[in-house]
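A quick write-up on the structure given underneath.
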Protein chains: 2
Amino acid sequence: MSKPAFLGIDWGTTNRRVHVMGTDGSLLATQVDDRGVLSLTREQFPVEIAALRDRFGDLAIIAAGMVGSARGWVEVPYLACPVTLSDLASRLHWVEPGRTAIVPGVAIADPARPEVMRGEEVQILGALQAGLVPPDALLCQPGTHCKWATLSRGALTGFCTAMTGELFALLRRHSLLSGLLDGPVEPGADFDAGLALAVKGAPLGRLFGERAATLLGLRQPAQVAARVSGLLIGGDVAEQALAPRQPVHLLADGGLARLYAAAIATAGGVVHPVSSQAAFLAGISSIWSMV
Amino acid sequence: MSKPAFLGIDWGTTNRRVHVMGTDGSLLATQVDDRGVLSLTREQFPVEIAALRDRFGDLAIIAAGMVGSARGWVEVPYLACPVTLSDLASRLHWVEPGRTAIVPGVAIADPARPEVMRGEEVQILGALQAGLVPPDALLCQPGTHCKWATLSRGALTGFCTAMTGELFALLRRHSLLSGLLDGPVEPGADFDAGLALAVKGAPLGRLFGERAATLLGLRQPAQVAARVSGLLIGGDVAEQALAPRQPVHLLADGGLARLYAAAIATAGGVVHPVSSQAAFLAGISSIWSMV
């Protein structure tokens with residue numbers, strides 16, 4: 001049996017995933033909890049790190065994600081596109097040399113199309129490293145902020161972000177549509193109807209109509225959530241202007257993977273599913289092997 | 001001097017405007033307060049009505065707006081497009097016959113493009129009645145929910161709604177961009193930059209970039225509110241696909257009028273400003289003259 005080699009942490013805004021990686025590259029254990037960066041003060045990070053070593057052993061730690069943001073433990077400068085895994089490995093920020101490192105994020109400092117990411121770069125380049133995606137590929141990472149990333153000749157060369165998940169959450173919690181968006185959101189006729197509306201353009205101009213339709217008795221309130229989700233996800237996918245049968249490598253799990261797969265297929269793309277956890281593990285292990 | 005003839009009330013979600021109208025059609029007084037329908041229970045409406053008669057005299061009352069919604073005093077069925085002022089007058093809902101009436105709203109019960117309005121119809125048809133807009137016209141009423149309405153041969157024949165103002169408020173209060181949207185929102189270089197982005201399509205895909213730009217030091221946080229406003233209002237106007245030099249009759253006052261005027265002009269339209277209060281007074285007076 002493999003012995004523990006290091007801890008690879010995907011340390012996001014809300015959640016934290018701690019992976020115990022073996023000397024042979026295998027995954028020995030994973031702890032998922034809600035100790036995301038927003039739940040911690042700056043002073044608590046060293047305490048958290050010590051607690052992880054108490055639990056899992058006195059191992060090296062490599063952490064990626066919002067832990068390296070201004071709101072996290074240490075603000076680590078972004079690397080500029082194009083970026084490879086070896087760029088990430090050689091530009092790790094060592095909080096304790098040889099012991100505890102934070103992976104830098106990636107930025108595009110173009111005033112016409114500025115972008116930033118923290119954490120997704122490990123998944124994207126890890127998927128490439130593991131052979132889960134080819135060296136030239138379009139990747140989609142759905143979530144609160146959905147990333148669309150381009151790999152060219154084995155480097156991350158560009159990406160853009162849509163606040164699709166956040167917008168749905170804002171509408172559900174705080175808007176005129178609150179109370180209409182608690183129904184099920186699954187692939188099916190209602191979600192497809194939303195996708196069809198999105199293809200016509202102007203998803204924002206269609207939101208009010210979802211309320212009007214229920215006021216007028218044209219639809220059941222339980223249909224609205226799936227329709228609005230289809231409208232927003234369909235609009236997100238439409239913005240990518242996919243070529244016919246363009247391959248899209250979808251780094252997602254669970255319900256969101258099914259919804260984006262349906263939306264991408266409707267837009268004419270061909271979905272290649274990739275496990276986002278497998279991609280992260282491949283990326284963080286590869287970085288570890290290079291330091 | 002003219003004597004009071006009736007009270008015309010624009011009774012909205014948040015605010016209430018009570019106009020004392022003279023026997024010669026002139027405006028004698030206006031009371032604006034925050035007794036919108038969301039601040040009142042159903043039982044409080046008769047009390048409010050009695051209080052208004054105590055203050056302004058034992059006059060007939062005609063009220064328009066959300067007062068006629070399910071959340072208001074009495075739910076008054078919508079009229080179907082096309083609608084004229086005489087339709088509104090002949091289909092008033094009399095809470096007390098001859099004494100207290102509520103103007104019906106207007107709906108489009110088309111499953112492909114369902115729409116509802118309550119209150120805007122009095123402004124739109126009032127503007128027509130007063131000669132402020134021609135019998136064939138495109139009207140824009142900015143606000144929390146921006147209405148775009150079409151008059152054809154003197155009737156309200158169609159309209160659509162964009163949740164532009166509500167989306168800006170959601171983003172400012174509850175989103176990732178909260179804290180970046182408290183700056184000034186005025187016509188100018190930043191607003192124009194947002195308009196220019198919106199013309200390229202996909203305003204939702206540009207929101208995250210506004211945060212990225214400040215993280216990367218490419219822009220000052222104080223610029224973001226005007227840029228995002230330009231993005232959303234520009235997207236709203238772009239959806240109308242205005243013909244070159246198409247006249248747009250803008251029923252608005254204050255800052256929102258200036259922003260929409262700039263956005264419509266940038267999109268190639270020609271703005272004709274109309275006072276929304278003058279339009280409402282003309283509409284409610286005309287309804288009164290017909291009952």
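Letters for chains follow the order of the structure tokens (A, B, ...), residue numbers begin at 1 for each chain, and ligand numbers begin at 1 in the order shown.
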Practice problem: Please provide the set of residues having any atom within 7 Å of Asp34 (chain A), restricted to only C-alpha atoms, with same-chain residues fewer than 6 positions apart removed, written as a ChimeraX atom specification. | Solution: /A:14-16
Go through chain B and flag each residue having an atom no more than 6 Å from chain A; for those, report the closest pair of atoms plus their distance in Å to one decimal, using only C-alpha atoms, ordered by chain and rising number, as CSV.
residue,atom,partner,partner_atom,distance
B:Pro114,CA,A:Gly209,CA,5.2
B:Glu115,CA,A:Ala212,CA,5.2
B:Val116,CA,A:Ala212,CA,5.8
B:Ala162,CA,A:Gly205,CA,4.7
B:Gly205,CA,A:Ala162,CA,4.7
B:Gly209,CA,A:Pro114,CA,5.2
B:Ala212,CA,A:Glu115,CA,5.2
B:Ala213,CA,A:Pro114,CA,5.5
List as a JSON list (two decimals) with C-alpha atoms, in the first residue's frame the protein and nucleic acid residues near Ser39 (chain B), meaning an atom at most 12 Å away when only C-alpha atoms are counted, but skip any in the same chain fewer than 3 places from it.
[["chain", "number", "residue", "atom", "x", "y", "z"],
["B", 11, "TRP", "CA", -50.41, 53.43, -6.79],
["B", 12, "GLY", "CA", -47.28, 51.38, -7.32],
["B", 13, "THR", "CA", -45.33, 48.69, -5.53],
["B", 14, "THR", "CA", -43.21, 51.02, -3.43],
["B", 15, "ASN", "CA", -44.57, 54.53, -3.91],
["B", 16, "ARG", "CA", -47.92, 56.23, -4.24],
["B", 33, "ASP", "CA", -45.44, 59.08, -0.33],
["B", 34, "ASP", "CA", -44.14, 55.57, 0.36],
["B", 35, "ARG", "CA", -47.55, 53.95, 0.94],
["B", 36, "GLY", "CA", -47.03, 51.56, -1.98],
["B", 42, "ARG", "CA", -55.59, 44.38, 2.05],
["B", 43, "GLU", "CA", -57.60, 45.72, 4.96],
["B", 44, "GLN", "CA", -55.65, 48.97, 5.04],
["B", 45, "PHE", "CA", -56.70, 50.13, 1.56],
["B", 48, "GLU", "CA", -56.09, 54.82, 3.19],
["B", 66, "MET", "CA", -50.23, 47.52, -8.60],
["B", 67, "VAL", "CA", -53.22, 48.46, -6.41],
["B", 71, "ARG", "CA", -50.82, 41.76, -3.91],
["B", 72, "GLY", "CA", -52.90, 44.98, -3.89],
["B", 73, "TRP", "CA", -56.42, 45.92, -2.84]]
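Backbone DSSP over region 67-183 of chain B yields alpha helix (DSSP H) at Leu85, Ser86, Asp87, Leu88, Ala89, Ser90, Glu120, Glu121, Val122, Gln123, Ile124, Leu125, Gly126, Ala127, Leu128, Gln129, Thr164, Gly165, Glu166, Leu167, Phe168, Ala169, Leu170, Leu171, Arg172, Arg173 and His174 of chain B.
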Write out, as a short mmCIF file (atom, residue, chain, number, x, y, z; two decimals), in the first residue's frame, the residues just selected, with N, CA and C atoms.
data_model
loop_
_atom_site.label_atom_id
_atom_site.label_comp_id
_atom_site.auth_asym_id
_atom_site.auth_seq_id
_atom_site.Cartn_x
_atom_site.Cartn_y
_atom_site.Cartn_z
N LEU B 85 -57.75 54.04 -24.44
CA LEU B 85 -58.19 54.69 -23.20
C LEU B 85 -59.67 54.40 -22.93
N SER B 86 -60.48 54.37 -24.00
CA SER B 86 -61.91 54.13 -23.75
C SER B 86 -62.14 52.69 -23.28
N ASP B 87 -61.28 51.75 -23.70
CA ASP B 87 -61.35 50.39 -23.14
C ASP B 87 -61.07 50.43 -21.64
N LEU B 88 -60.04 51.17 -21.25
CA LEU B 88 -59.72 51.27 -19.82
C LEU B 88 -60.89 51.89 -19.06
N ALA B 89 -61.48 52.96 -19.64
CA ALA B 89 -62.57 53.66 -18.94
C ALA B 89 -63.81 52.77 -18.81
N SER B 90 -64.11 52.02 -19.86
CA SER B 90 -65.34 51.22 -19.83
C SER B 90 -65.16 49.95 -19.01
N GLU B 120 -48.57 51.38 -16.27
CA GLU B 120 -47.91 51.98 -17.44
C GLU B 120 -48.90 52.30 -18.55
N GLU B 121 -49.99 51.51 -18.64
CA GLU B 121 -50.96 51.73 -19.72
C GLU B 121 -51.58 53.12 -19.64
N VAL B 122 -51.75 53.65 -18.44
CA VAL B 122 -52.34 55.00 -18.30
C VAL B 122 -51.36 56.05 -18.85
N GLN B 123 -50.09 55.89 -18.56
CA GLN B 123 -49.06 56.81 -19.10
C GLN B 123 -49.01 56.73 -20.62
N ILE B 124 -48.95 55.52 -21.13
CA ILE B 124 -48.76 55.32 -22.58
C ILE B 124 -49.92 55.93 -23.35
N LEU B 125 -51.14 55.58 -22.94
CA LEU B 125 -52.31 56.06 -23.68
C LEU B 125 -52.60 57.52 -23.34
N GLY B 126 -52.19 57.95 -22.15
CA GLY B 126 -52.31 59.37 -21.80
C GLY B 126 -51.39 60.24 -22.66
N ALA B 127 -50.18 59.75 -22.90
CA ALA B 127 -49.24 60.51 -23.75
C ALA B 127 -49.83 60.66 -25.14
N LEU B 128 -50.46 59.62 -25.61
CA LEU B 128 -51.12 59.68 -26.92
C LEU B 128 -52.27 60.69 -26.90
N GLN B 129 -53.12 60.59 -25.90
CA GLN B 129 -54.29 61.46 -25.76
C GLN B 129 -53.88 62.93 -25.72
N THR B 164 -34.22 45.31 -16.22
CA THR B 164 -32.93 45.99 -16.21
C THR B 164 -32.61 46.64 -14.86
N GLY B 165 -33.54 47.45 -14.38
CA GLY B 165 -33.30 48.12 -13.10
C GLY B 165 -33.18 47.14 -11.95
N GLU B 166 -34.01 46.12 -11.95
CA GLU B 166 -33.94 45.13 -10.88
C GLU B 166 -32.60 44.38 -10.92
N LEU B 167 -32.12 44.04 -12.11
CA LEU B 167 -30.85 43.33 -12.20
C LEU B 167 -29.70 44.18 -11.67
N PHE B 168 -29.71 45.47 -12.01
CA PHE B 168 -28.65 46.34 -11.49
C PHE B 168 -28.71 46.36 -9.96
N ALA B 169 -29.92 46.47 -9.42
CA ALA B 169 -30.07 46.50 -7.96
C ALA B 169 -29.61 45.18 -7.33
N LEU B 170 -29.95 44.05 -7.95
CA LEU B 170 -29.51 42.74 -7.43
C LEU B 170 -27.99 42.66 -7.41
N LEU B 171 -27.38 43.10 -8.52
CA LEU B 171 -25.92 43.04 -8.59
C LEU B 171 -25.29 43.94 -7.54
N ARG B 172 -25.88 45.12 -7.34
CA ARG B 172 -25.29 46.06 -6.39
C ARG B 172 -25.43 45.57 -4.96
N ARG B 173 -26.57 44.97 -4.66
CA ARG B 173 -26.83 44.62 -3.25
C ARG B 173 -26.28 43.27 -2.84
N HIS B 174 -26.30 42.31 -3.77
CA HIS B 174 -26.12 40.91 -3.33
C HIS B 174 -25.04 40.13 -4.05
#
Long-range neighbours of Ala226 (chain B) as a PDB file with C-alpha atoms, in the first residue's frame, 7 Å cut-off, only C-alpha atoms, 5 positions minimum in chain:
ATOM      1  CA  PRO B 184     -21.756  57.488  -9.606  1.00  0.00           C
ATOM      2  CA  VAL B 185     -23.941  56.419 -12.540  1.00  0.00           C
ATOM      3  CA  GLU B 186     -24.083  59.247 -15.036  1.00  0.00           C
ATOM      4  CA  ASP B 190     -17.566  55.021 -18.343  1.00  0.00           C
ATOM      5  CA  PHE B 191     -21.270  54.647 -19.143  1.00  0.00           C
TER       6      PHE B 191
END
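Here CA of Leu242 (chain A) and CA of Leu138 (chain A) stand 9.8 Å from one another.
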Exercise. If you run DSSP over the backbone, which residues in region 125-184 of chain B end up strand (DSSP E)? Put them as a ChimeraX atom specification.
Key: /B:137-141,146-152,155-162
Grab the residues selected above and save them as a PDB file, in the first residue's frame with N, CA and C atoms.
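File produced: again_37.pdb:
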ATOM      1  N   ALA B 137     -46.153  54.657 -32.639  1.00  0.00           N
ATOM      2  CA  ALA B 137     -44.949  55.070 -31.912  1.00  0.00           C
ATOM      3  C   ALA B 137     -44.379  53.926 -31.102  1.00  0.00           C
ATOM      4  N   LEU B 138     -43.067  54.008 -30.874  1.00  0.00           N
ATOM      5  CA  LEU B 138     -42.389  53.129 -29.922  1.00  0.00           C
ATOM      6  C   LEU B 138     -42.101  53.941 -28.672  1.00  0.00           C
ATOM      7  N   LEU B 139     -42.527  53.442 -27.527  1.00  0.00           N
ATOM      8  CA  LEU B 139     -42.315  54.143 -26.257  1.00  0.00           C
ATOM      9  C   LEU B 139     -41.415  53.316 -25.356  1.00  0.00           C
ATOM     10  N   CYS B 140     -40.602  54.003 -24.571  1.00  0.00           N
ATOM     11  CA  CYS B 140     -39.730  53.360 -23.583  1.00  0.00           C
ATOM     12  C   CYS B 140     -40.011  53.951 -22.218  1.00  0.00           C
ATOM     13  N   GLN B 141     -40.302  53.079 -21.241  1.00  0.00           N
ATOM     14  CA  GLN B 141     -40.542  53.519 -19.861  1.00  0.00           C
ATOM     15  C   GLN B 141     -39.521  52.839 -18.950  1.00  0.00           C
ATOM     16  N   CYS B 146     -38.282  47.773 -17.083  1.00  0.00           N
ATOM     17  CA  CYS B 146     -38.408  48.701 -18.219  1.00  0.00           C
ATOM     18  C   CYS B 146     -39.400  48.147 -19.242  1.00  0.00           C
ATOM     19  N   LYS B 147     -40.380  48.972 -19.572  1.00  0.00           N
ATOM     20  CA  LYS B 147     -41.368  48.575 -20.577  1.00  0.00           C
ATOM     21  C   LYS B 147     -41.046  49.236 -21.910  1.00  0.00           C
ATOM     22  N   TRP B 148     -41.153  48.474 -22.973  1.00  0.00           N
ATOM     23  CA  TRP B 148     -41.074  48.986 -24.348  1.00  0.00           C
ATOM     24  C   TRP B 148     -42.432  48.723 -24.976  1.00  0.00           C
ATOM     25  N   ALA B 149     -43.146  49.770 -25.359  1.00  0.00           N
ATOM     26  CA  ALA B 149     -44.531  49.624 -25.806  1.00  0.00           C
ATOM     27  C   ALA B 149     -44.703  50.165 -27.214  1.00  0.00           C
ATOM     28  N   THR B 150     -45.599  49.533 -27.944  1.00  0.00           N
ATOM     29  CA  THR B 150     -45.878  49.950 -29.315  1.00  0.00           C
ATOM     30  C   THR B 150     -47.313  50.454 -29.412  1.00  0.00           C
ATOM     31  N   LEU B 151     -47.448  51.663 -29.935  1.00  0.00           N
ATOM     32  CA  LEU B 151     -48.756  52.200 -30.299  1.00  0.00           C
ATOM     33  C   LEU B 151     -48.916  52.047 -31.803  1.00  0.00           C
ATOM     34  N   SER B 152     -50.083  51.527 -32.223  1.00  0.00           N
ATOM     35  CA  SER B 152     -50.391  51.436 -33.644  1.00  0.00           C
ATOM     36  C   SER B 152     -51.804  51.965 -33.841  1.00  0.00           C
ATOM     37  N   ALA B 155     -53.770  52.717 -30.654  1.00  0.00           N
ATOM     38  CA  ALA B 155     -54.033  51.706 -29.627  1.00  0.00           C
ATOM     39  C   ALA B 155     -52.707  51.118 -29.146  1.00  0.00           C
ATOM     40  N   LEU B 156     -52.706  50.692 -27.882  1.00  0.00           N
ATOM     41  CA  LEU B 156     -51.557  49.957 -27.349  1.00  0.00           C
ATOM     42  C   LEU B 156     -51.648  48.533 -27.889  1.00  0.00           C
ATOM     43  N   THR B 157     -50.730  48.189 -28.784  1.00  0.00           N
ATOM     44  CA  THR B 157     -50.846  46.901 -29.478  1.00  0.00           C
ATOM     45  C   THR B 157     -49.831  45.863 -29.015  1.00  0.00           C
ATOM     46  N   GLY B 158     -48.786  46.292 -28.331  1.00  0.00           N
ATOM     47  CA  GLY B 158     -47.803  45.311 -27.882  1.00  0.00           C
ATOM     48  C   GLY B 158     -46.811  45.935 -26.915  1.00  0.00           C
ATOM     49  N   PHE B 159     -46.162  45.098 -26.135  1.00  0.00           N
ATOM     50  CA  PHE B 159     -45.118  45.603 -25.230  1.00  0.00           C
ATOM     51  C   PHE B 159     -44.279  44.448 -24.727  1.00  0.00           C
ATOM     52  N   CYS B 160     -43.084  44.771 -24.266  1.00  0.00           N
ATOM     53  CA  CYS B 160     -42.239  43.773 -23.610  1.00  0.00           C
ATOM     54  C   CYS B 160     -41.538  44.433 -22.432  1.00  0.00           C
ATOM     55  N   THR B 161     -41.020  43.591 -21.546  1.00  0.00           N
ATOM     56  CA  THR B 161     -40.476  44.059 -20.281  1.00  0.00           C
ATOM     57  C   THR B 161     -39.067  43.527 -20.083  1.00  0.00           C
ATOM     58  N   ALA B 162     -38.166  44.386 -19.694  1.00  0.00           N
ATOM     59  CA  ALA B 162     -36.808  43.957 -19.323  1.00  0.00           C
ATOM     60  C   ALA B 162     -36.574  44.300 -17.857  1.00  0.00           C
TER      61      ALA B 162
END
Quiz prompt | All residues 7 Å or closer to Arg258 (chain B), only C-alpha atoms, same chain fewer than 4 positions away omitted, as a PyMOL selection string | solution = chain B and resi 187+254+262
File dump, residues just selected, C-alpha atoms, as a CSV table (one decimal), in the first residue's frame:
chain,number,residue,atom,x,y,z
B,187,PRO,CA,-23.8,59.7,-18.8
B,254,GLY,CA,-34.4,62.5,-13.9
B,262,ALA,CA,-27.7,58.3,-24.2
Could you give me, as a PDB file with N, CA and C atoms, in the first residue's frame, the residues within 8 Å of Pro221 (chain B), counting only C-alpha atoms and dropping anything in the same chain fewer than 2 positions from it?
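And here is the file that came out, out39.pdb:
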ATOM      1  N   LEU B 180     -18.595  47.258  -5.519  1.00  0.00           N
ATOM      2  CA  LEU B 180     -18.006  47.917  -6.695  1.00  0.00           C
ATOM      3  C   LEU B 180     -19.040  48.773  -7.416  1.00  0.00           C
ATOM      4  N   LEU B 181     -20.286  48.745  -6.955  1.00  0.00           N
ATOM      5  CA  LEU B 181     -21.359  49.401  -7.723  1.00  0.00           C
ATOM      6  C   LEU B 181     -21.970  50.582  -6.974  1.00  0.00           C
ATOM      7  N   GLY B 183     -20.479  53.568  -6.946  1.00  0.00           N
ATOM      8  CA  GLY B 183     -19.993  54.792  -7.572  1.00  0.00           C
ATOM      9  C   GLY B 183     -21.091  55.513  -8.331  1.00  0.00           C
ATOM     10  N   THR B 214     -10.758  45.475 -11.976  1.00  0.00           N
ATOM     11  CA  THR B 214     -10.337  46.189 -10.760  1.00  0.00           C
ATOM     12  C   THR B 214      -9.302  45.382  -9.991  1.00  0.00           C
ATOM     13  N   ARG B 219      -8.685  49.318 -13.866  1.00  0.00           N
ATOM     14  CA  ARG B 219      -9.680  50.378 -13.726  1.00  0.00           C
ATOM     15  C   ARG B 219      -9.883  50.697 -12.260  1.00  0.00           C
ATOM     16  N   GLN B 223     -15.257  53.550 -11.321  1.00  0.00           N
ATOM     17  CA  GLN B 223     -15.735  53.527 -12.703  1.00  0.00           C
ATOM     18  C   GLN B 223     -16.765  52.430 -12.950  1.00  0.00           C
ATOM     19  N   VAL B 224     -16.807  51.449 -12.060  1.00  0.00           N
ATOM     20  CA  VAL B 224     -17.515  50.210 -12.395  1.00  0.00           C
ATOM     21  C   VAL B 224     -19.027  50.395 -12.467  1.00  0.00           C
TER      22      VAL B 224
END
What's around Arg245 (chain A) at 12 Å? Count only C-alpha atoms, leave out sequence neighbours fewer than 6 positions away in its own chain, and write the answer as an mmCIF file with C-alpha atoms, in the first residue's frame.
data_model
loop_
_atom_site.group_PDB
_atom_site.id
_atom_site.type_symbol
_atom_site.label_atom_id
_atom_site.label_comp_id
_atom_site.auth_asym_id
_atom_site.auth_seq_id
_atom_site.Cartn_x
_atom_site.Cartn_y
_atom_site.Cartn_z
ATOM 1 C CA ILE A 264 -24.036 22.195 -25.345
ATOM 2 C CA ALA A 265 -25.656 19.426 -27.386
ATOM 3 C CA THR A 266 -28.597 21.709 -28.216
ATOM 4 C CA ALA A 267 -26.134 24.362 -29.403
ATOM 5 C CA GLY A 268 -24.560 21.812 -31.773
ATOM 6 C CA GLY A 269 -21.474 20.905 -29.761
ATOM 7 C CA VAL A 270 -20.270 17.426 -28.851
ATOM 8 C CA VAL A 271 -19.772 16.893 -25.123
ATOM 9 C CA HIS A 272 -16.780 15.035 -23.707
#
Practice problem: Considering only C-alpha atoms, state which residue in the set B:Ala5, B:Leu40, B:Cys81, B:Ala60 is at the smallest distance from Leu28 (chain B). | Solution: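 Using only C-alpha atoms, the shortest distance to Leu28 (chain B) belongs to B:Ala5.
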Practice problem: Tell me, in Å to one decimal, how far CA of Ser289 (chain B) is from CA of Thr23 (chain B). | Solution: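 Those two atoms sit 10.0 Å apart.
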